Amino acid sequence: MRLVLTEEQQALRAAVRDLLTDRAASPQVRAAMESETGIDRDLWTRLGRDLDVLGLVVPEEYGGAGAGHVERAVVQEELGRALAPTPFLGSAVLATDALLALDDEEARRELLPRLVSGELIATVAVAEPGTPWGPGATTATASGDGWTLDGTKTPVVAGDLADVLLVVATTPDGPAWFRVDAADVERTTLTTLDPTRRLAKVVLRGTPARRLESADPAGALERVADLATIALAAEQLGGLQRVLEMATDYAKVRVQFGRAIGSYQAVKHGLADVHSDWELGLSALRYAAWAADEAPDEVPVAAALVATFFGPAYFKAAEACVQYHGGIGYTWEHDAHLYYKRAKSTELLFGAPGRDRARLADRLGV
Amino acid sequence: MTAATTIATGSPPDLDAFREQARAWLREHAPAPSPVTDIEAARAFQAALYDAGFAGITWPQDVGGRGLSTAYQQAFSDEEAEYELPTYPFTIGMGMCGPTVNDLGTPEQRTRYLPRLLRGEDIWCQLFSEPGAGSDVASLQTRAVLDGDSWVVDGQKVWTTNAQWADFGALLARTDPDRPKHSGLTMFVVDMHAPGVTVRPLKDMSGRAPFNEIYFDSVRIPADAVIGEVNGGWHAAVTMLGHERVSIGSRRRPKTNPLDFTAIAALAQRLGVSGEPATRERLAELYARERVLELFNVRLRQEAAAGIAPGARGSVAKLAGSMLARLAVDTVGEIAGPEIVAWDPEDTTGAAVALGINSTPSSSIAGGTNEIQRGIIGERVLGLPKEPSVDKGVPFRELKVGTQK
Ligand SMILES: Cc1cc2nc3c(=O)[nH]c(=O)nc-3n(C[C@H](O)[C@H](O)[C@H](O)COP(=O)(O)OP(=O)(O)OC[C@H]3O[C@@H](n4cnc5c(N)ncnc54)[C@H](O)[C@@H]3O)c2cc1C
């Protein structure tokens, strides 16, 4: 196993950070968050066209970079650190991983190169109320040489932006994946706990769909979930590092009772604990990303491991960041709340800490 | 001619071949784990380890080491993790005192002490803490006064691990009370068998006596026993504490630990509670903390091999290790309940779990308390300001220290 980044991977990080420092600073993130679409199209185009980081896990034959999950995690860490307003999770993670996990050559050839360039946005529609990850109650019915879908998927990551949706539904012979065009569904942008990540409700009513080839649709569902968990953990790691930095910087300059507040042990020791979580979590994330590339058998446990670790760890760090900023940390103007909301929302997006632990226990066989 | 000297003169062995040799040697020579330490057997084993070329893998060749990179040490440690080798009496010498003598010792000191250490001929202890000076070790009161060409030492040390076996100690003593506390200390090598040294076992809360009280009553130490500079003892102490943190942090968990995930999961199974959701969640949490720390230590080793020093991050490993141990105490209690309150005298699991529970507090005290580690992380890693100090620049003799009323 390799837990240390290569020079190229570090260079990749520097390039992404440079772009985000320039294009995704706080005012830009806030502008995007209040905009109609919730994302910054120009930033998205630059990530695809200039940096070419939307297809790091995609093989070259489909227009990708043929790098891997370690590289993608590096990018995702930076995006999480900046709260960059992009549909990366939906398009470059969920939809991309689904196309790679399924066996539909035609869909890969048609969609992947356009996802990699950023000109097309796709996502995966899986969640339903009560079923955070599964076919749920959405049904697929054969009609002519295609299918129609009925049901409601929510929340769908980037569901209101996507041009193409990959939907999981139940057929008479079990779960299957379908491709649906955005024009054929009803979508509602949801009001979200986290204003920096758009989520939507997608209603399917006799929606025409093309079934995607797959030898093991249920297995693909698991794989996509695990890889998304690892990608999210990278984002959580980046956010955790950012809130630690914000709080540490502030603790050095804010003076009360004649001393910098960071000289008080209550604050210093609290930040030391957050730092320890960052060091530990970084190691776990590197391992999980390495496993995604090199050790597929270890992915189920590794993914459940990082989910169990990062949900509470990031939220605790974000909470500490608000706390150590005092009243100013509680204001809308300060960025601390954006991370607080992102942390809580990410912790719960695909389940909840208790469910993450239960999933880890399942996979450990206890 | 020993394997070590044969190989030391050649070019570095192939890493995989080295690993293979280590595996084969351990398979043949690793003794069965024993609940009590047989000190003569431990010395013999250390000597055998040395002869086979597996002691001092990264130590310089001029003192009997093999001068190989940490990758070789790591390979050996990986293989060794399969066993419980009887090397415990040597951990302080090999992990802390030896490396400090290597860093700061004179050429004579290096050749006098280090080869013997590697061959298991000498056992060392660390004589820093005193009744009045633990976290604030620089406030210690044991005095060393120059008398002709030797130093005369009077004072008391406490909680000294392994002193019951020790041949030498790395002693920190005050040589100039008129200077501020950090700049009037000197480190010495003291012969633990010298006249005037008294070692008394001290029972710990688990009922065992792994540490001791040491009394120095006009003990004479030759002038050439100073490690580093006279009044430069703080620098020597910091050097040793750096080695200590790395040594504690990177220490592998014992192969059979009654409070690790595997053991507690097996206990849950035996008690018939393994399917309960609360049990499963607790076990998952314990696994996660354990695995994440293990991965952090792997990363530190890989970084060290790539030339990135762990620095103060050894404190993260130490702190996380002690927090993990506390979580394990909570976990085993929740899962086993009254089963670990009382047990049949023959039930070895009960005794092992109880020992685990009762020895856990040492992990957050020994080698620098958790509060001290958090302070180190806050100040040295995050760069947060220090607390205002009341003793800066004040001569030691004017200070209020630990045992004063
Ligand atoms: C099992 C074991 C083995 C040991 N082996 C050795 C050995 O081989 N050689 C040796 O020299 N010593 C040894 N020690 C001693 C050990 O290093 C000290 O016990 C330790 O450094 C704490 O010092 P103290 O006991 O004097 O506690 P104190 O320093 O008095 O601490 C008491 C409490 O106050 C807290 N505290 C102290 N200062 C601060 C501060 N600045 N900020 C916040 N909180 C603070 C501490 O965290 C602790 O909770 C050993 C101890 C144990 C338990």
# chains A, B, ... in the order shown; residues from 1 in each chain; ligands from 1
$ residues_around --residues "segment 20-22 of chain B" --least-positions-apart "5" --cutoff "12 Å" --atoms "only C-alpha atoms" --output "list in words"
Ala3, Pro13, Asp14, Leu15, Arg27, Glu28, His29, Ala30, Leu49, Ala52, Gly53, Phe54, Ala55, Ile57, Tyr72, Gln73, Gln74, Ala75, Phe76, Ser77, Asp78, Glu79, Glu80, Ala81 and Glu82 of chain B
$ write_last_selection --atoms "N, CA and C atoms" --output "CSV table (one decimal), in the first residue's frame"
chain,number,residue,atom,x,y,z
B,3,ALA,N,27.1,-12.9,11.3
B,3,ALA,CA,26.4,-12.4,10.1
B,3,ALA,C,26.5,-10.9,9.9
B,13,PRO,N,22.0,-5.6,1.3
B,13,PRO,CA,21.4,-6.7,0.7
B,13,PRO,C,20.1,-6.4,0.0
B,14,ASP,N,19.6,-7.2,-0.8
B,14,ASP,CA,18.3,-7.0,-1.5
B,14,ASP,C,17.2,-7.0,-0.4
B,15,LEU,N,16.3,-6.0,-0.5
B,15,LEU,CA,15.3,-5.9,0.5
B,15,LEU,C,14.4,-7.1,0.7
B,27,ARG,N,11.1,-17.6,12.2
B,27,ARG,CA,10.3,-18.9,12.3
B,27,ARG,C,11.1,-19.9,13.1
B,28,GLU,N,12.4,-19.9,13.0
B,28,GLU,CA,13.2,-20.8,13.7
B,28,GLU,C,13.5,-20.4,15.1
B,29,HIS,N,13.7,-19.1,15.3
B,29,HIS,CA,14.3,-18.7,16.6
B,29,HIS,C,13.4,-18.0,17.6
B,30,ALA,N,12.2,-17.5,17.1
B,30,ALA,CA,11.4,-16.7,18.0
B,30,ALA,C,10.8,-17.7,19.1
B,49,LEU,N,19.8,-12.3,18.2
B,49,LEU,CA,19.2,-11.3,17.2
B,49,LEU,C,20.4,-10.6,16.6
B,52,ALA,N,22.5,-12.7,14.3
B,52,ALA,CA,21.8,-12.9,13.0
B,52,ALA,C,21.7,-11.7,12.1
B,53,GLY,N,22.1,-10.5,12.7
B,53,GLY,CA,22.1,-9.3,11.9
B,53,GLY,C,20.8,-8.5,12.0
B,54,PHE,N,20.0,-8.8,13.0
B,54,PHE,CA,18.7,-8.1,13.1
B,54,PHE,C,18.6,-7.1,14.3
B,55,ALA,N,19.7,-6.8,14.9
B,55,ALA,CA,19.7,-5.8,16.0
B,55,ALA,C,20.5,-4.6,15.4
B,57,ILE,N,19.5,-2.5,13.0
B,57,ILE,CA,19.5,-2.5,11.6
B,57,ILE,C,19.8,-1.2,11.0
B,72,TYR,N,14.6,-1.3,5.7
B,72,TYR,CA,15.0,-2.6,6.2
B,72,TYR,C,14.4,-2.9,7.6
B,73,GLN,N,14.5,-1.8,8.4
B,73,GLN,CA,13.9,-1.9,9.8
B,73,GLN,C,12.4,-2.2,9.7
B,74,GLN,N,11.8,-1.5,8.7
B,74,GLN,CA,10.4,-1.7,8.5
B,74,GLN,C,10.1,-3.1,8.1
B,75,ALA,N,10.9,-3.7,7.2
B,75,ALA,CA,10.7,-5.0,6.8
B,75,ALA,C,10.8,-6.0,8.0
B,76,PHE,N,11.8,-5.8,8.8
B,76,PHE,CA,12.0,-6.6,10.0
B,76,PHE,C,10.8,-6.5,10.9
B,77,SER,N,10.4,-5.2,11.2
B,77,SER,CA,9.3,-5.0,12.1
B,77,SER,C,8.0,-5.7,11.6
B,78,ASP,N,7.8,-5.6,10.3
B,78,ASP,CA,6.6,-6.3,9.7
B,78,ASP,C,6.6,-7.8,10.1
B,79,GLU,N,7.8,-8.4,9.9
B,79,GLU,CA,7.9,-9.8,10.1
B,79,GLU,C,7.8,-10.1,11.6
B,80,GLU,N,8.4,-9.3,12.4
B,80,GLU,CA,8.4,-9.5,13.8
B,80,GLU,C,7.0,-9.4,14.5
B,81,ALA,N,6.2,-8.6,13.8
B,81,ALA,CA,4.8,-8.4,14.3
B,81,ALA,C,4.1,-9.7,14.5
B,82,GLU,N,4.5,-10.7,13.8
B,82,GLU,CA,3.9,-12.0,13.9
B,82,GLU,C,4.2,-12.7,15.3
$ closest_atom_pairs --of "chain B" --to "ligand 1" --cutoff "6 Å" --atoms "only C-alpha atoms and all ligand atoms" --output "JSON lines"
{"residue": "B:Gln126", "atom": "CA", "partner": "ligand 1", "partner_atom_place_in_ligand_line": "9 (N)", "distance": 4.5}
{"residue": "B:Leu127", "atom": "CA", "partner": "ligand 1", "partner_atom_place_in_ligand_line": "11 (O)", "distance": 4.5}
{"residue": "B:Phe128", "atom": "CA", "partner": "ligand 1", "partner_atom_place_in_ligand_line": "11 (O)", "distance": 3.5}
{"residue": "B:Ser129", "atom": "CA", "partner": "ligand 1", "partner_atom_place_in_ligand_line": "11 (O)", "distance": 3.8}
{"residue": "B:Ala133", "atom": "CA", "partner": "ligand 1", "partner_atom_place_in_ligand_line": "26 (O)", "distance": 5.2}
{"residue": "B:Gly134", "atom": "CA", "partner": "ligand 1", "partner_atom_place_in_ligand_line": "23 (O)", "distance": 3.1}
{"residue": "B:Ser135", "atom": "CA", "partner": "ligand 1", "partner_atom_place_in_ligand_line": "29 (O)", "distance": 3.6}
{"residue": "B:Asp136", "atom": "CA", "partner": "ligand 1", "partner_atom_place_in_ligand_line": "29 (O)", "distance": 5.9}
{"residue": "B:Trp159", "atom": "CA", "partner": "ligand 1", "partner_atom_place_in_ligand_line": "14 (N)", "distance": 4.7}
{"residue": "B:Thr160", "atom": "CA", "partner": "ligand 1", "partner_atom_place_in_ligand_line": "8 (O)", "distance": 3.8}
{"residue": "B:Thr161", "atom": "CA", "partner": "ligand 1", "partner_atom_place_in_ligand_line": "8 (O)", "distance": 3.7}
{"residue": "B:Ser362", "atom": "CA", "partner": "ligand 1", "partner_atom_place_in_ligand_line": "53 (C)", "distance": 4.6}
{"residue": "B:Ile365", "atom": "CA", "partner": "ligand 1", "partner_atom_place_in_ligand_line": "53 (C)", "distance": 5.1}
{"residue": "B:Ala366", "atom": "CA", "partner": "ligand 1", "partner_atom_place_in_ligand_line": "51 (C)", "distance": 3.9}
{"residue": "B:Gly367", "atom": "CA", "partner": "ligand 1", "partner_atom_place_in_ligand_line": "17 (O)", "distance": 4.7}
{"residue": "B:Gly368", "atom": "CA", "partner": "ligand 1", "partner_atom_place_in_ligand_line": "21 (O)", "distance": 4.4}
{"residue": "B:Thr369", "atom": "CA", "partner": "ligand 1", "partner_atom_place_in_ligand_line": "47 (O)", "distance": 4.7}
{"residue": "B:Glu371", "atom": "CA", "partner": "ligand 1", "partner_atom_place_in_ligand_line": "47 (O)", "distance": 4.5}
{"residue": "B:Ile372", "atom": "CA", "partner": "ligand 1", "partner_atom_place_in_ligand_line": "47 (O)", "distance": 5.8}
$ write_last_selection --atoms "all heavy atoms" --output "short mmCIF file (atom, residue, chain, number, x, y, z; two decimals), in the first residue's frame"
data_model
loop_
_atom_site.label_atom_id
_atom_site.label_comp_id
_atom_site.auth_asym_id
_atom_site.auth_seq_id
_atom_site.Cartn_x
_atom_site.Cartn_y
_atom_site.Cartn_z
N GLN B 126 15.80 5.19 31.92
CA GLN B 126 15.79 6.64 31.73
C GLN B 126 15.46 7.31 33.06
O GLN B 126 14.36 7.14 33.59
CB GLN B 126 14.71 6.99 30.70
CG GLN B 126 14.52 8.47 30.44
CD GLN B 126 13.17 8.76 29.81
OE1 GLN B 126 12.18 8.09 30.10
NE2 GLN B 126 13.11 9.75 28.94
N LEU B 127 16.40 8.06 33.60
CA LEU B 127 16.26 8.66 34.93
C LEU B 127 15.97 10.14 34.81
O LEU B 127 16.85 10.98 35.04
CB LEU B 127 17.55 8.42 35.73
CG LEU B 127 17.90 6.94 35.97
CD1 LEU B 127 19.39 6.76 36.20
CD2 LEU B 127 17.10 6.40 37.15
N PHE B 128 14.74 10.46 34.45
CA PHE B 128 14.34 11.86 34.31
C PHE B 128 13.40 12.28 35.45
O PHE B 128 13.70 13.16 36.22
CB PHE B 128 13.60 12.09 32.98
CG PHE B 128 14.48 12.16 31.76
CD1 PHE B 128 15.78 11.69 31.76
CD2 PHE B 128 13.98 12.70 30.58
CE1 PHE B 128 16.57 11.77 30.62
CE2 PHE B 128 14.76 12.79 29.44
CZ PHE B 128 16.06 12.32 29.45
N SER B 129 12.24 11.59 35.53
CA SER B 129 11.18 12.05 36.43
C SER B 129 11.58 11.93 37.89
O SER B 129 12.30 11.02 38.28
CB SER B 129 9.91 11.24 36.22
OG SER B 129 9.51 11.32 34.88
N ALA B 133 8.96 16.53 39.76
CA ALA B 133 9.16 16.99 38.37
C ALA B 133 8.84 15.89 37.37
O ALA B 133 9.61 14.96 37.20
CB ALA B 133 10.61 17.44 38.18
N GLY B 134 7.66 15.99 36.76
CA GLY B 134 7.27 14.99 35.76
C GLY B 134 7.08 15.66 34.41
O GLY B 134 7.99 15.70 33.59
N SER B 135 5.90 16.25 34.21
CA SER B 135 5.68 17.00 32.97
C SER B 135 6.72 18.11 32.86
O SER B 135 7.30 18.35 31.81
CB SER B 135 4.29 17.62 32.96
OG SER B 135 3.31 16.63 33.09
N ASP B 136 6.92 18.78 33.96
CA ASP B 136 7.89 19.88 34.02
C ASP B 136 9.23 19.31 34.47
O ASP B 136 9.75 19.65 35.53
CB ASP B 136 7.36 20.93 35.01
CG ASP B 136 8.30 22.12 35.15
OD1 ASP B 136 9.18 22.31 34.28
OD2 ASP B 136 8.13 22.86 36.14
N TRP B 159 9.30 6.38 39.15
CA TRP B 159 8.60 5.80 37.99
C TRP B 159 9.58 5.33 36.92
O TRP B 159 9.29 5.36 35.73
CB TRP B 159 7.61 6.79 37.34
CG TRP B 159 6.67 7.42 38.33
CD1 TRP B 159 5.84 6.77 39.17
CD2 TRP B 159 6.45 8.82 38.56
NE1 TRP B 159 5.13 7.68 39.92
CE2 TRP B 159 5.48 8.93 39.57
CE3 TRP B 159 7.00 9.98 38.00
CZ2 TRP B 159 5.04 10.17 40.03
CZ3 TRP B 159 6.55 11.21 38.47
CH2 TRP B 159 5.59 11.30 39.48
N THR B 160 10.76 4.91 37.35
CA THR B 160 11.80 4.55 36.38
C THR B 160 11.58 3.12 35.87
O THR B 160 11.84 2.15 36.57
CB THR B 160 13.19 4.67 37.02
OG1 THR B 160 13.25 5.88 37.77
CG2 THR B 160 14.26 4.65 35.96
N THR B 161 11.12 3.05 34.65
CA THR B 161 10.80 1.77 34.02
C THR B 161 12.06 0.93 33.83
O THR B 161 13.11 1.45 33.41
CB THR B 161 10.14 2.02 32.65
OG1 THR B 161 8.99 2.84 32.87
CG2 THR B 161 9.71 0.71 31.98
N SER B 362 -1.87 4.22 32.08
CA SER B 362 -0.45 4.52 31.87
C SER B 362 -0.21 5.13 30.50
O SER B 362 0.68 5.95 30.32
CB SER B 362 0.41 3.28 32.06
OG SER B 362 0.28 2.43 30.95
N ILE B 365 -0.29 8.83 30.50
CA ILE B 365 0.60 9.52 31.46
C ILE B 365 2.07 9.34 31.08
O ILE B 365 2.82 10.31 30.94
CB ILE B 365 0.38 8.98 32.90
CG1 ILE B 365 -1.07 9.22 33.34
CG2 ILE B 365 1.34 9.67 33.87
CD1 ILE B 365 -1.43 8.56 34.67
N ALA B 366 2.48 8.08 30.92
CA ALA B 366 3.90 7.79 30.67
C ALA B 366 4.35 8.43 29.36
O ALA B 366 3.59 8.52 28.40
CB ALA B 366 4.11 6.28 30.60
N GLY B 367 5.59 8.87 29.35
CA GLY B 367 6.15 9.43 28.11
C GLY B 367 5.53 10.77 27.73
O GLY B 367 5.54 11.16 26.57
N GLY B 368 5.00 11.49 28.71
CA GLY B 368 4.35 12.77 28.42
C GLY B 368 2.85 12.59 28.40
O GLY B 368 2.34 11.79 27.61
N THR B 369 2.14 13.30 29.28
CA THR B 369 0.68 13.09 29.40
C THR B 369 -0.05 13.57 28.14
O THR B 369 0.52 14.30 27.31
CB THR B 369 0.11 13.86 30.60
OG1 THR B 369 0.23 15.27 30.32
CG2 THR B 369 0.85 13.53 31.89
N GLU B 371 -2.28 15.76 28.00
CA GLU B 371 -2.36 17.23 28.01
C GLU B 371 -1.07 17.82 27.45
O GLU B 371 -1.10 18.80 26.69
CB GLU B 371 -2.59 17.73 29.44
CG GLU B 371 -3.98 17.43 30.00
CD GLU B 371 -4.21 15.95 30.33
OE1 GLU B 371 -3.24 15.25 30.69
OE2 GLU B 371 -5.37 15.49 30.22
N ILE B 372 0.05 17.22 27.82
CA ILE B 372 1.33 17.72 27.31
C ILE B 372 1.42 17.47 25.79
O ILE B 372 1.89 18.33 25.04
CB ILE B 372 2.51 17.05 28.07
CG1 ILE B 372 2.48 17.47 29.55
CG2 ILE B 372 3.85 17.37 27.42
CD1 ILE B 372 2.61 18.96 29.82
#
$ interface_residues --of "chain B" --to "chain A" --cutoff "7 Å" --atoms "only C-alpha atoms" --output "ChimeraX atom specification"
/B:265,274,280-281,284-285,288,292-293,295-296,299,302-303,316,374-375,377-378,382,384-387
$ residues_around --residues "segment 113-120 of chain B" --least-positions-apart "6" --cutoff "6 Å" --atoms "only C-alpha atoms" --output "PyMOL selection string"
chain B and resi 43+46-47+50+55+63-64
$ write_last_selection --atoms "N, CA and C atoms" --output "PDB file, in the first residue's frame"
ATOM      1  N   ARG B  43      18.354 -11.607  27.425  1.00  0.00           N
ATOM      2  CA  ARG B  43      19.703 -11.211  26.992  1.00  0.00           C
ATOM      3  C   ARG B  43      20.222 -12.163  25.914  1.00  0.00           C
ATOM      4  N   GLN B  46      18.515 -11.410  22.655  1.00  0.00           N
ATOM      5  CA  GLN B  46      19.024 -10.188  22.020  1.00  0.00           C
ATOM      6  C   GLN B  46      20.385 -10.464  21.363  1.00  0.00           C
ATOM      7  N   ALA B  47      21.215 -11.256  22.030  1.00  0.00           N
ATOM      8  CA  ALA B  47      22.526 -11.594  21.450  1.00  0.00           C
ATOM      9  C   ALA B  47      22.356 -12.385  20.155  1.00  0.00           C
ATOM     10  N   TYR B  50      21.329 -10.137  17.439  1.00  0.00           N
ATOM     11  CA  TYR B  50      22.478  -9.384  16.952  1.00  0.00           C
ATOM     12  C   TYR B  50      23.323 -10.247  16.016  1.00  0.00           C
ATOM     13  N   ALA B  55      19.748  -6.811  14.890  1.00  0.00           N
ATOM     14  CA  ALA B  55      19.723  -5.795  15.953  1.00  0.00           C
ATOM     15  C   ALA B  55      20.457  -4.567  15.425  1.00  0.00           C
ATOM     16  N   VAL B  63      29.452   1.159  15.203  1.00  0.00           N
ATOM     17  CA  VAL B  63      29.134   0.723  16.561  1.00  0.00           C
ATOM     18  C   VAL B  63      28.441  -0.634  16.547  1.00  0.00           C
ATOM     19  N   GLY B  64      28.514  -1.321  15.431  1.00  0.00           N
ATOM     20  CA  GLY B  64      27.953  -2.666  15.378  1.00  0.00           C
ATOM     21  C   GLY B  64      26.603  -2.751  14.695  1.00  0.00           C
TER      22      GLY B  64
END
$ select_by_dssp --residues "segment 163-336 of chain A" --states "strand (DSSP E)" --output "ChimeraX atom specification"
/A:164-171,174-181,186-189,199-211,255-256,259-260
$ write_last_selection --atoms "N, CA, C and O atoms" --output "short mmCIF file (atom, residue, chain, number, x, y, z; two decimals), in the first residue's frame"
data_model
loop_
_atom_site.label_atom_id
_atom_site.label_comp_id
_atom_site.auth_asym_id
_atom_site.auth_seq_id
_atom_site.Cartn_x
_atom_site.Cartn_y
_atom_site.Cartn_z
N VAL A 164 -28.20 14.36 -18.27
CA VAL A 164 -28.51 12.94 -18.35
C VAL A 164 -28.56 12.37 -16.94
O VAL A 164 -27.72 12.71 -16.11
N LEU A 165 -29.57 11.51 -16.69
CA LEU A 165 -29.66 10.88 -15.38
C LEU A 165 -29.56 9.37 -15.52
O LEU A 165 -30.19 8.79 -16.42
N LEU A 166 -28.77 8.77 -14.66
CA LEU A 166 -28.68 7.31 -14.63
C LEU A 166 -29.52 6.88 -13.42
O LEU A 166 -29.20 7.22 -12.28
N VAL A 167 -30.61 6.18 -13.71
CA VAL A 167 -31.61 5.92 -12.68
C VAL A 167 -31.61 4.43 -12.33
O VAL A 167 -31.55 3.58 -13.22
N VAL A 168 -31.72 4.15 -11.05
CA VAL A 168 -31.82 2.76 -10.62
C VAL A 168 -33.29 2.48 -10.30
O VAL A 168 -33.92 3.24 -9.56
N ALA A 169 -33.83 1.42 -10.91
CA ALA A 169 -35.24 1.09 -10.70
C ALA A 169 -35.40 -0.43 -10.66
O ALA A 169 -34.49 -1.18 -11.03
N THR A 170 -36.57 -0.85 -10.21
CA THR A 170 -36.81 -2.29 -10.09
C THR A 170 -37.57 -2.81 -11.31
O THR A 170 -38.61 -2.24 -11.69
N THR A 171 -37.05 -3.86 -11.90
CA THR A 171 -37.73 -4.53 -13.02
C THR A 171 -38.29 -5.84 -12.47
O THR A 171 -37.96 -6.21 -11.34
N GLY A 174 -35.51 -7.87 -10.92
CA GLY A 174 -34.53 -7.26 -10.00
C GLY A 174 -34.13 -5.85 -10.39
O GLY A 174 -34.68 -5.28 -11.34
N PRO A 175 -33.15 -5.30 -9.67
CA PRO A 175 -32.76 -3.91 -9.93
C PRO A 175 -32.02 -3.78 -11.26
O PRO A 175 -31.35 -4.72 -11.70
N ALA A 176 -32.17 -2.63 -11.88
CA ALA A 176 -31.46 -2.38 -13.13
C ALA A 176 -31.19 -0.89 -13.23
O ALA A 176 -31.77 -0.08 -12.50
N TRP A 177 -30.28 -0.56 -14.15
CA TRP A 177 -29.90 0.84 -14.37
C TRP A 177 -30.48 1.32 -15.70
O TRP A 177 -30.47 0.58 -16.69
N PHE A 178 -30.90 2.56 -15.71
CA PHE A 178 -31.51 3.13 -16.91
C PHE A 178 -30.94 4.50 -17.18
O PHE A 178 -30.56 5.23 -16.26
N ARG A 179 -30.95 4.82 -18.47
CA ARG A 179 -30.54 6.16 -18.85
C ARG A 179 -31.78 6.97 -19.21
O ARG A 179 -32.62 6.52 -19.99
N VAL A 180 -31.86 8.15 -18.65
CA VAL A 180 -33.02 9.01 -18.86
C VAL A 180 -32.52 10.39 -19.26
O VAL A 180 -31.50 10.86 -18.73
N ASP A 181 -33.24 11.02 -20.17
CA ASP A 181 -32.85 12.39 -20.53
C ASP A 181 -33.57 13.38 -19.63
O ASP A 181 -34.75 13.21 -19.32
N GLU A 186 -39.61 15.48 -14.41
CA GLU A 186 -39.96 16.70 -13.68
C GLU A 186 -38.96 16.86 -12.55
O GLU A 186 -38.77 15.92 -11.78
N ARG A 187 -38.40 18.04 -12.42
CA ARG A 187 -37.44 18.18 -11.34
C ARG A 187 -37.72 19.43 -10.51
O ARG A 187 -38.14 20.45 -11.04
N THR A 188 -37.46 19.30 -9.26
CA THR A 188 -37.62 20.43 -8.35
C THR A 188 -36.30 20.61 -7.61
O THR A 188 -35.77 19.65 -7.06
N THR A 189 -35.81 21.84 -7.62
CA THR A 189 -34.62 22.12 -6.82
C THR A 189 -35.06 22.16 -5.36
O THR A 189 -35.98 22.88 -5.00
N LEU A 199 -29.27 19.96 -4.55
CA LEU A 199 -29.90 18.64 -4.58
C LEU A 199 -31.30 18.82 -5.16
O LEU A 199 -31.91 19.87 -4.97
N ALA A 200 -31.79 17.80 -5.85
CA ALA A 200 -33.09 17.95 -6.49
C ALA A 200 -33.96 16.73 -6.29
O ALA A 200 -33.47 15.64 -5.98
N LYS A 201 -35.25 16.96 -6.49
CA LYS A 201 -36.19 15.85 -6.52
C LYS A 201 -36.52 15.59 -7.98
O LYS A 201 -36.76 16.53 -8.75
N VAL A 202 -36.52 14.34 -8.36
CA VAL A 202 -36.79 13.98 -9.75
C VAL A 202 -38.00 13.05 -9.78
O VAL A 202 -37.99 11.99 -9.14
N VAL A 203 -39.04 13.47 -10.49
CA VAL A 203 -40.25 12.64 -10.58
C VAL A 203 -40.31 12.00 -11.96
O VAL A 203 -40.15 12.67 -12.99
N LEU A 204 -40.53 10.69 -11.95
CA LEU A 204 -40.60 9.93 -13.19
C LEU A 204 -42.03 9.44 -13.34
O LEU A 204 -42.56 8.76 -12.45
N ARG A 205 -42.67 9.83 -14.45
CA ARG A 205 -44.05 9.39 -14.69
C ARG A 205 -44.13 8.86 -16.10
O ARG A 205 -44.18 9.63 -17.04
N GLY A 206 -44.06 7.56 -16.23
CA GLY A 206 -44.05 6.96 -17.56
C GLY A 206 -42.88 7.49 -18.38
O GLY A 206 -42.98 7.64 -19.60
N THR A 207 -41.80 7.80 -17.71
CA THR A 207 -40.64 8.41 -18.38
C THR A 207 -39.91 7.40 -19.27
O THR A 207 -39.56 6.31 -18.79
N PRO A 208 -39.71 7.72 -20.53
CA PRO A 208 -39.00 6.78 -21.41
C PRO A 208 -37.54 6.63 -20.96
O PRO A 208 -36.91 7.61 -20.58
N ALA A 209 -37.05 5.38 -21.02
CA ALA A 209 -35.70 5.12 -20.52
C ALA A 209 -35.05 4.04 -21.35
O ALA A 209 -35.72 3.19 -21.94
N ARG A 210 -33.72 4.10 -21.40
CA ARG A 210 -32.99 3.02 -22.07
C ARG A 210 -32.27 2.22 -21.00
O ARG A 210 -31.58 2.78 -20.14
N ARG A 211 -32.44 0.92 -21.03
CA ARG A 211 -31.79 0.07 -20.02
C ARG A 211 -30.30 -0.04 -20.32
O ARG A 211 -29.92 -0.29 -21.47
N VAL A 255 -7.22 38.39 20.54
CA VAL A 255 -6.73 38.56 21.90
C VAL A 255 -7.89 38.81 22.86
O VAL A 255 -8.77 39.63 22.58
N GLN A 256 -7.94 38.07 23.95
CA GLN A 256 -8.89 38.31 25.04
C GLN A 256 -8.14 38.11 26.35
O GLN A 256 -7.30 37.21 26.45
N ARG A 259 -4.29 38.05 26.14
CA ARG A 259 -3.51 36.98 25.49
C ARG A 259 -4.23 36.50 24.24
O ARG A 259 -5.46 36.53 24.17
N ALA A 260 -3.45 35.99 23.29
CA ALA A 260 -4.08 35.35 22.12
C ALA A 260 -4.88 34.15 22.63
O ALA A 260 -4.38 33.39 23.48
#
$ residues_around --residues "Trp124 of chain B" --least-positions-apart "4" --cutoff "6 Å" --atoms "only C-alpha atoms" --output "JSON, numbers by chain"
{"B": [93, 166, 167, 168, 169]}
$ residues_around --residues "Arg81 of chain A" --least-positions-apart "2" --cutoff "7 Å" --atoms "only C-alpha atoms" --output "PyMOL selection string"
chain A and resi 77-79+83+235+238-239+242
